[in-house]
file data37.csv (CSV, C-alpha atoms)
chain,number,residue,atom,x,y,z
A,24,MET,CA,-23.7,7.6,38.5
A,25,PHE,CA,-25.3,7.9,35.1
A,26,MET,CA,-28.7,6.7,33.9
A,27,ASP,CA,-27.4,5.9,30.4
A,28,ALA,CA,-26.4,2.2,30.7
A,29,THR,CA,-23.8,2.5,27.9
A,30,LEU,CA,-22.2,5.6,29.5
A,31,GLN,CA,-22.3,4.0,33.0
A,32,ARG,CA,-20.7,0.8,31.7
A,33,GLU,CA,-17.9,2.7,30.0
A,34,PHE,CA,-17.5,4.9,33.0
A,35,GLU,CA,-17.0,1.9,35.2
A,36,GLN,CA,-14.6,0.2,32.8
A,37,MET,CA,-12.4,3.2,32.1
A,38,THR,CA,-12.1,5.2,35.4
A,39,ILE,CA,-9.5,4.6,38.0
A,40,HIS,CA,-10.7,4.6,41.6
A,41,LYS,CA,-8.2,6.2,44.1
A,42,ARG,CA,-8.2,7.1,47.7
A,43,VAL,CA,-6.3,10.2,48.6
A,44,ALA,CA,-5.4,11.5,52.1
A,45,ALA,CA,-6.3,14.9,53.4
A,46,GLY,CA,-3.6,17.5,52.7
A,47,THR,CA,-2.4,15.9,49.5
A,48,GLN,CA,-1.7,18.2,46.5
A,49,LEU,CA,-3.6,16.4,43.8
A,50,MET,CA,-2.7,18.8,41.1
A,51,ARG,CA,-0.3,21.8,40.8
A,52,VAL,CA,-0.3,24.8,38.5
A,53,GLY,CA,1.5,23.8,35.3
A,54,ASP,CA,1.0,20.0,35.8
A,55,PRO,CA,0.0,18.1,32.6
A,56,ILE,CA,-3.6,17.0,32.9
A,57,THR,CA,-3.9,13.2,32.3
A,58,HIS,CA,-7.1,12.4,34.3
A,59,ILE,CA,-10.2,14.3,35.3
A,60,PRO,CA,-11.3,13.8,39.0
A,61,ILE,CA,-14.8,13.2,40.0
A,62,VAL,CA,-15.2,13.3,43.8
A,63,GLN,CA,-17.1,10.4,45.2
A,64,LYS,CA,-16.3,11.0,48.9
A,65,GLY,CA,-14.6,13.8,50.7
A,66,SER,CA,-13.8,17.2,49.0
A,67,LEU,CA,-11.1,19.1,47.2
A,68,ARG,CA,-10.1,22.7,47.7
A,69,ILE,CA,-9.2,24.7,44.6
A,70,LEU,CA,-6.8,27.6,44.6
A,71,ALA,CA,-5.3,30.0,42.1
A,72,GLN,CA,-1.6,30.6,42.3
A,73,ASP,CA,0.5,33.3,40.8
A,74,GLN,CA,4.1,33.1,39.4
A,75,GLU,CA,5.5,34.1,42.9
A,76,GLY,CA,3.6,31.2,44.5
A,77,HIS,CA,1.0,33.3,46.2
A,78,GLU,CA,-2.3,31.4,46.6
A,79,ARG,CA,-5.9,32.5,46.6
A,80,TYR,CA,-8.9,30.3,47.5
A,81,LEU,CA,-11.4,29.8,44.8
A,82,TYR,CA,-14.0,27.1,45.6
A,83,HIS,CA,-14.5,23.5,46.8
A,84,ILE,CA,-15.4,20.4,44.8
A,85,LEU,CA,-17.8,18.1,46.7
A,86,PRO,CA,-19.1,14.6,46.1
A,87,GLY,CA,-20.6,14.1,42.6
A,88,GLU,CA,-18.7,17.1,41.3
A,89,SER,CA,-15.7,17.6,39.1
A,90,CYS,CA,-13.2,20.3,38.3
A,91,ALA,CA,-14.3,22.6,35.5
A,92,SER,CA,-10.8,24.0,35.1
A,93,SER,CA,-9.4,20.5,34.4
A,94,LEU,CA,-12.2,19.8,32.0
A,95,THR,CA,-11.5,23.0,30.1
A,96,CYS,CA,-7.8,22.5,30.1
A,97,CYS,CA,-7.8,18.9,29.0
A,98,VAL,CA,-10.1,19.7,26.0
A,99,SER,CA,-7.8,22.5,24.9
A,100,LYS,CA,-4.7,20.4,25.8
A,101,ARG,CA,-3.4,23.0,28.3
A,102,GLU,CA,-1.6,22.4,31.6
A,103,SER,CA,-3.4,22.8,34.9
A,104,ALA,CA,-4.2,26.4,35.8
A,105,VAL,CA,-5.1,25.7,39.4
A,106,LEU,CA,-3.8,24.0,42.6
A,107,ALA,CA,-6.0,21.2,43.9
A,108,ILE,CA,-5.7,20.1,47.5
A,109,VAL,CA,-7.6,17.3,49.2
A,110,GLU,CA,-9.6,19.0,52.0
A,111,GLU,CA,-10.6,15.7,53.7
A,112,ASP,CA,-9.8,12.1,52.9
A,113,ALA,CA,-11.3,11.6,49.5
A,114,GLU,CA,-12.3,8.8,47.1
A,115,LEU,CA,-11.9,9.9,43.5
A,116,ALA,CA,-13.0,8.5,40.1
A,117,LEU,CA,-10.2,9.5,37.7
A,118,ILE,CA,-11.2,9.7,34.0
A,119,PRO,CA,-8.5,9.5,31.4
A,120,VAL,CA,-8.7,12.8,29.5
A,121,GLY,CA,-9.3,11.1,26.1
A,122,TYR,CA,-12.8,10.0,27.2
A,123,VAL,CA,-13.9,13.6,28.2
A,124,ASP,CA,-14.3,14.4,24.5
A,125,ALA,CA,-15.2,10.9,23.3
A,126,TRP,CA,-18.2,10.7,25.7
A,127,MET,CA,-19.7,13.9,24.3
A,128,VAL,CA,-21.8,11.6,22.1
A,129,HIS,CA,-23.8,10.8,25.3
A,130,PRO,CA,-26.3,13.6,26.1
A,131,GLU,CA,-26.1,12.8,29.8
A,132,TRP,CA,-22.3,13.3,29.8
A,133,ARG,CA,-22.6,16.6,27.8
A,134,LYS,CA,-25.2,17.8,30.4
A,135,TYR,CA,-22.8,16.8,33.3
A,136,VAL,CA,-19.9,18.7,31.7
A,137,ASN,CA,-22.0,21.8,30.9
A,138,GLU,CA,-23.6,21.9,34.3
A,139,THR,CA,-20.1,21.6,36.0
A,140,GLN,CA,-18.7,24.4,33.9
A,141,ALA,CA,-21.7,26.6,34.6
A,142,GLN,CA,-21.6,26.0,38.3
A,143,ARG,CA,-17.8,26.7,38.5
A,144,PHE,CA,-18.2,29.8,36.5
A,145,GLN,CA,-20.8,31.1,38.9
A,146,GLU,CA,-18.5,30.2,41.8
A,147,LEU,CA,-15.6,32.1,40.2
A,148,ILE,CA,-17.8,35.1,39.7
A,149,GLU,CA,-18.8,34.9,43.4
A,150,ALA,CA,-15.1,34.5,44.4
A,151,PHE,CA,-14.2,37.6,42.4
A,152,GLU,CA,-17.0,39.6,44.0
A,153,VAL,CA,-15.8,38.5,47.4
A,154,VAL,CA,-12.2,39.7,46.6
A,155,ALA,CA,-13.1,42.8,44.8
A,156,PHE,CA,-16.0,44.2,46.9
A,157,ARG,CA,-16.0,42.7,50.4
A,158,LYS,CA,-13.8,43.8,53.3
A,159,LEU,CA,-11.2,41.3,54.4
A,160,ASP,CA,-13.2,40.4,57.5
A,161,GLU,CA,-16.1,39.3,55.3
A,162,GLN,CA,-13.7,37.4,53.0
A,163,LEU,CA,-12.3,35.6,56.1
A,164,TRP,CA,-15.7,34.6,57.4
A,165,ASN,CA,-16.8,33.4,53.9
A,166,TYR,CA,-13.6,31.3,53.6
A,167,LEU,CA,-14.1,29.7,57.1
A,168,VAL,CA,-17.8,28.9,56.4
A,169,LYS,CA,-17.0,27.4,53.0
A,170,ARG,CA,-14.2,25.2,54.4
A,171,SER,CA,-16.4,24.1,57.3
A,172,GLN,CA,-19.2,23.2,54.9
A,173,ALA,CA,-16.8,21.3,52.6
A,174,SER,CA,-15.2,19.3,55.4
A,175,GLY,CA,-18.6,18.6,57.2
A,176,THR,CA,-17.3,19.8,60.5
A,177,PRO,CA,-17.0,23.1,62.3
A,178,MET,CA,-13.6,22.1,63.6
A,179,LEU,CA,-10.9,23.3,61.2
A,180,HIS,CA,-7.4,22.2,61.9
A,181,ILE,CA,-5.6,25.1,60.3
A,182,THR,CA,-3.1,27.7,61.4
A,183,HIS,CA,-3.4,31.5,61.1
A,184,GLN,CA,-0.5,31.4,58.6
A,185,GLN,CA,-2.2,28.9,56.4
A,186,ILE,CA,-5.3,31.0,56.3
A,187,ALA,CA,-3.2,34.1,55.5
A,188,ASP,CA,-1.5,32.3,52.7
A,189,GLU,CA,-4.8,31.3,51.0
A,190,LEU,CA,-6.3,34.8,51.4
A,191,SER,CA,-3.1,36.6,50.4
A,192,SER,CA,-3.0,38.6,53.6
A,193,PRO,CA,-0.3,39.2,56.3
A,194,ARG,CA,-0.6,36.7,59.2
A,195,GLU,CA,-0.9,39.5,61.8
A,196,VAL,CA,-4.0,40.8,60.0
A,197,ILE,CA,-5.7,37.4,60.0
A,198,THR,CA,-4.9,36.9,63.7
A,199,ARG,CA,-6.5,40.3,64.5
A,200,LEU,CA,-9.6,39.5,62.4
A,201,LEU,CA,-9.9,36.0,64.0
A,202,GLN,CA,-9.8,37.6,67.4
A,203,GLN,CA,-12.6,40.0,66.3
A,204,LEU,CA,-14.7,37.0,65.1
A,205,ARG,CA,-14.1,35.3,68.4
A,206,GLN,CA,-15.3,38.4,70.3
A,207,ARG,CA,-18.4,38.3,68.2
A,208,GLY,CA,-19.0,34.7,69.1
A,209,LEU,CA,-18.5,33.5,65.5
A,210,VAL,CA,-15.5,31.3,66.2
A,211,SER,CA,-13.5,29.6,68.9
A,212,LEU,CA,-9.8,29.6,68.6
A,213,GLY,CA,-7.2,27.0,69.8
A,214,ARG,CA,-3.6,26.1,68.8
A,215,GLY,CA,-3.8,25.2,65.1
A,216,LEU,CA,-7.6,25.1,65.4
A,217,VAL,CA,-10.5,27.3,64.4
A,218,GLU,CA,-14.0,26.2,65.4
A,219,VAL,CA,-16.7,27.9,63.3
A,220,HIS,CA,-20.1,28.8,64.8
A,221,PRO,CA,-22.5,29.1,61.9
A,222,LEU,CA,-25.0,31.9,61.9
A,223,SER,CA,-28.5,30.6,62.8

call {"tool": "encode", "arguments": {"input": "data37.csv", "output": "structure tokens"}}
result
Amino acid sequence: MFMDATLQREFEQMTIHKRVAAGTQLMRVGDPITHIPIVQKGSLRILAQDQEGHERYLYHILPGESCASSLTCCVSKRESAVLAIVEEDAELALIPVGYVDAWMVHPEWRKYVNETQAQRFQELIEAFEVVAFRKLDEQLWNYLVKRSQASGTPMLHITHQQIADELSSPREVITRLLQQLRQRGLVSLGRGLVEVHPLS
């Protein structure tokens, strides 16, 4: 993963490799952060969660990427601020938190951490703009496209209620908006299934 031979050797020696099934909650809000995940295969879905348990989709973590929130929280010795769910069967490299700071002596690791944080910050800004300025139908379409891209398939095995939960919207509203997207030819709907038809 790294060109620096010393960093790569330490990375291989210290990381734990783990396979995690789709749907697994890898990290919950308030969990102590003991390891930082780097996705090697599959993807993770990251959500914010308030004190009442309401969720809001933020972004996905794809192969080669890590979680900026975890990196930030582990350095400041804070608990997890997000909910991380395995989108599709994933292979993860788990780095003990102590090495996140120790490896800062390696320029390549510093660059990786900085680029991860910059990318996630941009995605958070985009997520805020979607929530603050776009209508719910545009938010729904953006959400479906992002999940389809992250899972590598247009077939999303997801219920209307699950979508509603992650967009903080009543299920009836999501159902109505999905029907509108279907009428426009953007999705096909089945029981527990949404097929996304990307715009050409």

call {"tool": "atom_distance", "arguments": {"input": "data37.csv", "atom1": "CA of Lys64 (chain A)", "atom2": "CA of Glu35 (chain A)"}}
result
16.5 Å

call {"tool": "atom_distance", "arguments": {"input": "data37.csv", "atom1": "CA of Glu114 (chain A)", "atom2": "CA of Leu167 (chain A)"}}
result
23.2 Å

call {"tool": "closest_residue", "arguments": {"input": "data37.csv", "among": "A:Ala187, A:Leu179, A:Ala104, A:Leu81", "to": "Ser211 (chain A)", "atoms": "all atoms listed in the file"}}
result
A:Leu179

call {"tool": "closest_atom_pairs", "arguments": {"input": "data37.csv", "of": "region 81-145 of chain A", "to": "region 43-60 of chain A", "cutoff": "8 Å", "atoms": "only C-alpha atoms", "output": "tab-separated table"}}
result
residue	atom	partner	partner_atom	distance
A:Ser89	CA	A:Pro60	CA	5.8
A:Cys90	CA	A:Pro60	CA	6.8
A:Ser93	CA	A:Ile59	CA	6.3
A:Leu94	CA	A:Ile59	CA	6.7
A:Cys96	CA	A:Ile56	CA	7.5
A:Cys97	CA	A:Ile56	CA	6.0
A:Lys100	CA	A:Ile56	CA	7.9
A:Arg101	CA	A:Pro55	CA	7.4
A:Glu102	CA	A:Pro55	CA	4.7
A:Ser103	CA	A:Gly53	CA	5.0
A:Ala104	CA	A:Val52	CA	5.0
A:Val105	CA	A:Val52	CA	5.0
A:Leu106	CA	A:Arg51	CA	4.5
A:Ala107	CA	A:Met50	CA	4.9
A:Ile108	CA	A:Gln48	CA	4.5
A:Val109	CA	A:Ala45	CA	5.0
A:Glu110	CA	A:Ala45	CA	5.4
A:Glu111	CA	A:Ala45	CA	4.4
A:Asp112	CA	A:Ala45	CA	4.5
A:Ala113	CA	A:Val43	CA	5.3
A:Glu114	CA	A:Val43	CA	6.3
A:Leu115	CA	A:Pro60	CA	6.0
A:Ala116	CA	A:Pro60	CA	5.7
A:Leu117	CA	A:Pro60	CA	4.6
A:Ile118	CA	A:Ile59	CA	4.9
A:Pro119	CA	A:His58	CA	4.3
A:Val120	CA	A:His58	CA	5.1

call {"tool": "atom_distance", "arguments": {"input": "data37.csv", "atom1": "CA of Ser92 (chain A)", "atom2": "CA of Arg143 (chain A)"}}
result
8.2 Å

call {"tool": "closest_residue", "arguments": {"input": "data37.csv", "among": "A:Glu75, A:Asp160, A:Asp188, A:Asp124", "to": "Val136 (chain A)", "atoms": "all atoms listed in the file"}}
result
A:Asp124

call {"tool": "residues_around", "arguments": {"input": "data37.csv", "residues": "Met127 (chain A)", "least_positions_apart": "4", "cutoff": "12 Å", "atoms": "only C-alpha atoms", "output": "list in words"}}
result
Leu30, Val98, Gly121, Tyr122, Val123, Glu131, Trp132, Arg133, Lys134, Tyr135, Val136 and Asn137 of chain A

call {"tool": "closest_residue", "arguments": {"input": "data37.csv", "among": "A:Glu218, A:Glu195, A:Glu78, A:Glu88", "to": "Trp164 (chain A)", "atoms": "only C-alpha atoms"}}
result
A:Glu218

call {"tool": "residues_around", "arguments": {"input": "data37.csv", "residues": "Thr198 (chain A)", "least_positions_apart": "3", "cutoff": "10 Å", "atoms": "all atoms listed in the file", "output": "mmCIF file with C-alpha atoms, in the frame of the given file"}}
result
data_model
loop_
_atom_site.group_PDB
_atom_site.id
_atom_site.type_symbol
_atom_site.label_atom_id
_atom_site.label_comp_id
_atom_site.auth_asym_id
_atom_site.auth_seq_id
_atom_site.Cartn_x
_atom_site.Cartn_y
_atom_site.Cartn_z
ATOM 1 C CA THR A 182 -3.100 27.700 61.400
ATOM 2 C CA HIS A 183 -3.400 31.500 61.100
ATOM 3 C CA GLN A 184 -0.500 31.400 58.600
ATOM 4 C CA ILE A 186 -5.300 31.000 56.300
ATOM 5 C CA ALA A 187 -3.200 34.100 55.500
ATOM 6 C CA PRO A 193 -0.300 39.200 56.300
ATOM 7 C CA ARG A 194 -0.600 36.700 59.200
ATOM 8 C CA GLU A 195 -0.900 39.500 61.800
ATOM 9 C CA LEU A 201 -9.900 36.000 64.000
ATOM 10 C CA GLN A 202 -9.800 37.600 67.400
ATOM 11 C CA GLN A 203 -12.600 40.000 66.300
ATOM 12 C CA LEU A 204 -14.700 37.000 65.100
#

call {"tool": "closest_residue", "arguments": {"input": "data37.csv", "among": "A:Gln162, A:His77, A:Ile61, A:Glu33", "to": "Glu149 (chain A)", "atoms": "all atoms listed in the file"}}
result
A:Gln162

call {"tool": "residues_around", "arguments": {"input": "data37.csv", "residues": "region 168-171 of chain A", "least_positions_apart": "5", "cutoff": "9 Å", "atoms": "only C-alpha atoms", "output": "list in words"}}
result
Arg68, Tyr82, His83, Glu110, Leu163, Thr176, Pro177, Met178, Leu179, Glu218, Val219, His220 and Pro221 of chain A
